[in-house]
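Worksheet: one structure, shown below.
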Amino acid sequence: MSDRGKSTRRVGPLAGRPEEPPTLDIDALLDDLDTRIIVCTGSGGVGKTTTSAALALRAAERGRKVVVLTIDPARRLAQSMGIETLDNTPRPVPGVEGEGSLDAMMLDMKRTFDEVVESQASPEKAAQILANPFYQALSSSFAGTQEYMAMEKLGQLHKDAIKTGKWDLIVVDTPPSRSALDFLDAPERLSSFLDGRFIRILLAPARGPARLMTAGLSVVTNAMTKILGAQVLRDMQTFVAAFDTLFGGFRQRAQKTFALLQAPGTAFVVVAAPEPDALREAAYFVERLAGEQMPLAGLVVNRAGRVSLTGLSGDQAMAAAERLDARADDSATVTAGLLRLHADRTRIVARESHLRQRFAAAHPHVPTAVMPALSTDVHDLDGLRQVGELIAG
Amino acid sequence: MAPTTDNQSGPDPRWDEVLLHVVTGKGGTGKTTVAASLALALASRGKTVLLCEVEGRQGIAQLFDVPPLPYEETRIASGPNDGGDLYALAINPESALMEYLEMYYRLGRAGKALDRFGVIDFATTIAPGVRDVLLTGKVYEAAYRNKRGKNHRQYDAIVLDAPPTGRIAQFLNVNSELAGLAKVGPIRSQADSIMTLLRSPRTAVHLTTVLEDMPVQETTDGIAELRKNDLPVGSVIVNLVRSNELDEEARDLALGGGLPREQIEKDLDRIGVESTPEIVDGLLTEAREHAERRALEDEQRERIAALDVPTYELPRLSDGVDLGGLYELAANLCEEGLA
């Protein structure tokens with residue numbers, strides 16, 4: 001966005017030296033009964049959903065009663081938790097070991113939005129809203145609706161958890177936005193939009209006295225009619241008028257959930273990959289959480305490269321491979337290949353650890369867990385269990 | 001090898017007609033990197049190229065290490081001799097709308113009033129489809145401005161760093177997004193002209209992926225959706241491809257634990273690397289992990305091959321993508337014939 005408003009301006013840290021950050025103690029976090037909500041955030045494509053699911057499973061198998069809200073899980077991951085069908089309801093995950101329990105669900109953003117409307121408006125009014133093209137666009141494709149609905153669902157699950165005692169830990173995945181900040185900004189954007197000046201203008205002619213029609217306003221409506229056509233303007237007015245009574249409710253709910261995110265029982269886990277973009281996003285997010293007084297548990301760096309062999313440096317391996325090549329006999333090509341493979345991995349690991357050190361120098365107090373890249377995909381609970389073990393270190 | 005205009009392996013003729021290259025991809029697959037490399041590759045063929053971004057992330061500026069891009073075409077790279085020029089533009093819907101109003105309606109005062117009353121905000125955030133019409137509309141304007149005969153820069157190719165795969169068909173299908181809303185009026189006819197370009201052979205939508213389950217699945221779904229909407233699928237660009245240090249036979253052996261340990265020890269000793277058990281075990285473990293990953297990747301490669309779409313591959317650079325890496329990737333695309 002060209003303008004994210006003043007609250008989202010970046011405020012960076014001051015001087016620092018690269019050093020190893022403290023280790024994120026995942027098990028202590030999961031075992032602490034005061035941890036009621038864990039929110040996994042990060043930019044798209046860093047493995048947030050897998051991380052959320054793995055943390056949830058690990059917590060459950062350590063005795064917690066857990067519900068995990070995933071946003072858009074990979075097919076295999078969803079299969080591994082038995083939630084292939086998207087029905088907006090938490091379902092028990094079969095095969096969880098131990099005393100605890102794990103329920104999993106996938107967010108259906110449109111369904112969640114519809115439910116909010118249905119719970120807030122009379123049946124006729126709800127039907128009218130649900131059929132309006134503006135509502136349909138808002139509920140299915142407005143950038144930010146998914147974030148808003150993830151928060152809405154979190155609020156519902158939290159209320160449910162308190163009422164029924166079914167769960168003592170909620171793990172939330174966040175939508176795959178380009179920017180992790182969207183998760184915090186979108187609800188505010190949506191509610192400030194719904195509360196915006198323009199909405200009030202649209203409402204004014206319908207109910208206000210004619211004197212509200214100032215000169216400026218008629219310029220605006222004339223221009224709108226010219227560009228969009230009169231019918232669009234009418235649709236918009238119908239939508240806004242129908243939605244009007246709900247606006248207050250929406251804003252209140254968003255504020256409540258925002259407060260929940262600041263509460264002491266909440267822990268944010270920022271997920272990143274060891275890439276410049278993902279770590280930059282993570283840095284912004286860490287700084288923002290501090291600014292919002294939201295509790296940060298730590299950083300999980302996914303998909304880190306690793307070497308199984310530490311006794312041979314990348315340069316040594318590369319030089320050795322070249323010496324073997326020079327001998328030009330076939331039998332040595334496999335060995336040369338192994339050495340090159342090792343050299344390549346060493347370089348990747350060196351670059352990644354350099355990136356992590358830069359992050360740590362700027363944010364020395366952020367506990368960090370490094371999760372090595374797996375050579376296979378997660379497609380069952382065992383795979384998820386293994387991810388949990390690796391994150392916990 | 002540096003890309004040059006007289007590169008012996010010319011571009012694949014199937015892209016000759018294409019004016020607009022739309023590059024999409026799942027988050028984390030390197031969509032922006034690929035778009036930038038393609039733009040560089042096209043410019044290296046002597047073309048005047050415009051690289052656009054529409055998500056307000058300033059990804060191009062970061063990649064090319066230049067200050068944040070304004071809403072104005074800015075030259076960011078230039079080829080040697082007869083090489084082409086590369087311009088970049090960050091399109092935001094607010095500026096696009098103001099420009100549009102200015103251009104077609106000369107709305108001086110009303111434009112400002114619209115902004116003051118939050119209409120610009122409204123139109124660009126919620127009015128369904130309007131945001132996307134504005135973004136694609138600006139691209140359309142850059143593509144066809146020469147026809148209006150003004151003294152403007154003309155582009156031989158435009159590369160659009162588009163929204164992610166999950167949203168690409170919706171983003172490009174501006175017409176149906178507006179359906180049910182603007183049935184008549186200027187916005188509607190603007191959308192119609194954009195749609196004509198997007199559905200024509202002058203457009204190609206390239207999907208960036210990596211060799212992992214979910215990105216490949218999204219690519220498959222994305223292609224199906226594009227085809228359903230009559231949008232022209234260009235190619236699949238497989239990014240971050242692992243190096244190929246072991247041949248298939250060696251990888252099979254590595255998977256089964258059958259690599260010739262004694263031979264490896266002997267080779268190491270021969271060149272003066274002490275073949276301790278730690279070193280040999282480490283090398284063998286790394287080989288097995290590599291082979292496992294490659295086996296999964298081959299599965300994904302087969303799924304991509306089954307899509308029956310031209311496919312290009314870009315290597316994973318072990319030192320990451322910096323400006324130098326970008327040129328290397330661009331050279332790859334030239335060699336493979338995408339540009």
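Lettering and numbering for the structure tokens are positional, with chains as A, B, ... in the shown order, residues counted from 1 in each chain, and ligands counted from 1 in the shown order.
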request  = Just list the residues in region 90-337 of chain B DSSP gives alpha helix (DSSP H) on the backbone, as a ChimeraX atom specification.
outcome  = /B:93-105,108-116,119-125,130-144,165-172,174-178,186-199,213-228,248-255,261-270,277-305,323-336
message = So that I can see what lies close to Gly234 (chain B), please list as an MDAnalysis selection string the residues with an atom at most 6 Å from it, counting only C-alpha atoms and leaving out residues fewer than 2 positions away in the same chain.
response = chainID B and resid 204:206
Quick one: residues within 6 Å of region 79-93 of chain B, only C-alpha atoms, excluding same-chain residues fewer than 2 positions away - as an mmCIF file with N, CA and C atoms, in the first residue's frame?
data_model
loop_
_atom_site.group_PDB
_atom_site.id
_atom_site.type_symbol
_atom_site.label_atom_id
_atom_site.label_comp_id
_atom_site.auth_asym_id
_atom_site.auth_seq_id
_atom_site.Cartn_x
_atom_site.Cartn_y
_atom_site.Cartn_z
ATOM 1 N N ALA B 43 15.315 -6.968 -22.588
ATOM 2 C CA ALA B 43 16.080 -5.750 -22.884
ATOM 3 C C ALA B 43 17.423 -6.115 -23.506
ATOM 4 N N SER B 44 17.992 -7.230 -23.064
ATOM 5 C CA SER B 44 19.276 -7.660 -23.617
ATOM 6 C C SER B 44 19.167 -8.032 -25.091
ATOM 7 N N GLY B 46 17.781 -6.168 -27.089
ATOM 8 C CA GLY B 46 17.691 -4.898 -27.799
ATOM 9 C C GLY B 46 16.335 -4.232 -27.714
ATOM 10 N N LYS B 47 15.460 -4.765 -26.877
ATOM 11 C CA LYS B 47 14.115 -4.188 -26.805
ATOM 12 C C LYS B 47 14.029 -3.096 -25.749
ATOM 13 N N THR B 48 13.070 -2.218 -25.929
ATOM 14 C CA THR B 48 12.743 -1.257 -24.883
ATOM 15 C C THR B 48 11.642 -1.892 -24.042
ATOM 16 N N VAL B 49 11.951 -2.103 -22.781
ATOM 17 C CA VAL B 49 11.090 -2.927 -21.940
ATOM 18 C C VAL B 49 10.610 -2.132 -20.732
ATOM 19 N N LEU B 50 9.346 -2.364 -20.367
ATOM 20 C CA LEU B 50 8.807 -1.775 -19.138
ATOM 21 C C LEU B 50 8.489 -2.900 -18.160
ATOM 22 N N LEU B 51 9.012 -2.773 -16.943
ATOM 23 C CA LEU B 51 8.743 -3.756 -15.889
ATOM 24 C C LEU B 51 7.835 -3.098 -14.854
ATOM 25 N N CYS B 52 6.636 -3.685 -14.657
ATOM 26 C CA CYS B 52 5.665 -3.055 -13.754
ATOM 27 C C CYS B 52 5.416 -3.906 -12.529
ATOM 28 N N GLU B 53 5.209 -3.265 -11.401
ATOM 29 C CA GLU B 53 4.712 -3.985 -10.231
ATOM 30 C C GLU B 53 3.441 -3.322 -9.750
ATOM 31 N N VAL B 54 2.552 -4.112 -9.150
ATOM 32 C CA VAL B 54 1.233 -3.585 -8.803
ATOM 33 C C VAL B 54 0.848 -3.843 -7.348
ATOM 34 N N LEU B 69 10.487 3.212 -6.335
ATOM 35 C CA LEU B 69 10.020 3.699 -7.627
ATOM 36 C C LEU B 69 8.807 4.602 -7.458
ATOM 37 N N TYR B 71 5.427 6.768 -9.198
ATOM 38 C CA TYR B 71 4.417 6.445 -10.205
ATOM 39 C C TYR B 71 4.831 7.144 -11.486
ATOM 40 N N GLU B 72 5.895 6.662 -12.066
ATOM 41 C CA GLU B 72 6.480 7.313 -13.234
ATOM 42 C C GLU B 72 7.500 6.337 -13.797
ATOM 43 N N GLU B 73 7.503 6.165 -15.097
ATOM 44 C CA GLU B 73 8.422 5.193 -15.683
ATOM 45 C C GLU B 73 9.858 5.675 -15.509
ATOM 46 N N THR B 74 10.668 4.843 -14.897
ATOM 47 C CA THR B 74 12.024 5.235 -14.535
ATOM 48 C C THR B 74 13.000 4.254 -15.162
ATOM 49 N N ARG B 75 14.044 4.774 -15.809
ATOM 50 C CA ARG B 75 14.996 3.861 -16.430
ATOM 51 C C ARG B 75 15.886 3.262 -15.352
ATOM 52 N N ILE B 76 15.974 1.920 -15.296
ATOM 53 C CA ILE B 76 16.784 1.302 -14.255
ATOM 54 C C ILE B 76 17.921 0.448 -14.813
ATOM 55 N N ALA B 77 17.903 0.173 -16.112
ATOM 56 C CA ALA B 77 19.017 -0.572 -16.684
ATOM 57 C C ALA B 77 19.099 -0.261 -18.163
ATOM 58 N N SER B 95 -3.061 6.514 -7.705
ATOM 59 C CA SER B 95 -2.495 7.380 -8.741
ATOM 60 C C SER B 95 -3.088 7.046 -10.098
ATOM 61 N N ALA B 96 -3.314 5.753 -10.354
ATOM 62 C CA ALA B 96 -3.869 5.354 -11.644
ATOM 63 C C ALA B 96 -5.257 5.966 -11.832
ATOM 64 N N LEU B 97 -6.042 5.980 -10.762
ATOM 65 C CA LEU B 97 -7.388 6.537 -10.861
ATOM 66 C C LEU B 97 -7.332 8.050 -11.116
ATOM 67 N N THR B 124 -10.802 2.354 -4.812
ATOM 68 C CA THR B 124 -9.620 1.517 -4.968
ATOM 69 C C THR B 124 -9.555 0.405 -3.944
ATOM 70 N N ARG B 131 -10.333 -1.716 -8.604
ATOM 71 C CA ARG B 131 -8.908 -1.666 -8.317
ATOM 72 C C ARG B 131 -8.111 -2.386 -9.414
ATOM 73 N N LEU B 134 -8.074 -0.632 -12.718
ATOM 74 C CA LEU B 134 -7.152 0.503 -12.715
ATOM 75 C C LEU B 134 -5.713 0.030 -12.919
ATOM 76 N N LEU B 135 -5.346 -1.056 -12.236
ATOM 77 C CA LEU B 135 -3.976 -1.560 -12.332
ATOM 78 C C LEU B 135 -3.690 -2.092 -13.735
#
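With CA of Arg234 (chain A) on one side and CA of Asp121 (chain B) on the other, the separation reads 18.4 Å.
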Would you list the contacts of region 241-248 of chain B as an mmCIF file with N, CA and C atoms, in the first residue's frame, taking every protein, DNA or RNA residue within 8 Å and counting only C-alpha atoms, but skipping same-chain residues closer than 2 positions in sequence?
data_model
loop_
_atom_site.group_PDB
_atom_site.id
_atom_site.type_symbol
_atom_site.label_atom_id
_atom_site.label_comp_id
_atom_site.auth_asym_id
_atom_site.auth_seq_id
_atom_site.Cartn_x
_atom_site.Cartn_y
_atom_site.Cartn_z
ATOM 1 N N VAL A 334 31.843 -39.642 -9.127
ATOM 2 C CA VAL A 334 30.880 -39.674 -8.027
ATOM 3 C C VAL A 334 31.465 -38.951 -6.824
ATOM 4 N N GLY A 337 31.419 -35.357 -7.359
ATOM 5 C CA GLY A 337 30.048 -34.866 -7.217
ATOM 6 C C GLY A 337 29.679 -34.690 -5.752
ATOM 7 N N LEU A 338 30.046 -35.663 -4.923
ATOM 8 C CA LEU A 338 29.740 -35.565 -3.493
ATOM 9 C C LEU A 338 30.417 -34.340 -2.881
ATOM 10 N N ARG A 340 31.322 -31.599 -4.437
ATOM 11 C CA ARG A 340 30.675 -30.372 -4.918
ATOM 12 C C ARG A 340 29.353 -30.118 -4.205
ATOM 13 N N LEU A 341 28.629 -31.198 -4.004
ATOM 14 C CA LEU A 341 27.367 -31.109 -3.281
ATOM 15 C C LEU A 341 27.607 -30.501 -1.901
ATOM 16 N N VAL B 210 8.201 -23.619 -7.793
ATOM 17 C CA VAL B 210 9.380 -24.382 -7.387
ATOM 18 C C VAL B 210 8.949 -25.843 -7.353
ATOM 19 N N LEU B 211 9.905 -26.751 -7.266
ATOM 20 C CA LEU B 211 9.565 -28.164 -7.367
ATOM 21 C C LEU B 211 9.099 -28.706 -6.015
ATOM 22 N N VAL B 238 10.215 -22.868 -13.782
ATOM 23 C CA VAL B 238 10.588 -23.566 -12.559
ATOM 24 C C VAL B 238 11.808 -22.871 -11.981
ATOM 25 N N ASN B 239 11.640 -22.310 -10.804
ATOM 26 C CA ASN B 239 12.709 -21.520 -10.202
ATOM 27 C C ASN B 239 13.412 -22.319 -9.106
ATOM 28 N N ALA B 250 23.954 -42.608 -9.627
ATOM 29 C CA ALA B 250 24.555 -42.325 -8.321
ATOM 30 C C ALA B 250 23.478 -41.995 -7.293
ATOM 31 N N ARG B 251 22.428 -41.283 -7.740
ATOM 32 C CA ARG B 251 21.366 -40.933 -6.791
ATOM 33 C C ARG B 251 20.618 -42.177 -6.323
ATOM 34 N N ASP B 252 20.382 -43.110 -7.263
ATOM 35 C CA ASP B 252 19.739 -44.367 -6.878
ATOM 36 C C ASP B 252 20.580 -45.104 -5.845
ATOM 37 N N GLU B 313 13.673 -23.551 -16.842
ATOM 38 C CA GLU B 313 14.192 -23.774 -15.497
ATOM 39 C C GLU B 313 15.254 -22.743 -15.155
ATOM 40 N N LEU B 314 15.217 -22.280 -13.918
ATOM 41 C CA LEU B 314 16.235 -21.366 -13.435
ATOM 42 C C LEU B 314 16.913 -21.989 -12.219
ATOM 43 N N PRO B 315 18.238 -21.871 -12.141
ATOM 44 C CA PRO B 315 18.952 -22.544 -11.054
ATOM 45 C C PRO B 315 18.807 -21.803 -9.725
ATOM 46 N N ARG B 316 18.963 -22.557 -8.641
ATOM 47 C CA ARG B 316 19.107 -21.950 -7.322
ATOM 48 C C ARG B 316 20.531 -21.425 -7.226
#
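Considering the residues A:Ala242, A:Leu157, A:Val93, A:Ala362 and counting only C-alpha atoms, Arg280 (chain A) has its shortest atom-to-atom contact with A:Ala362.
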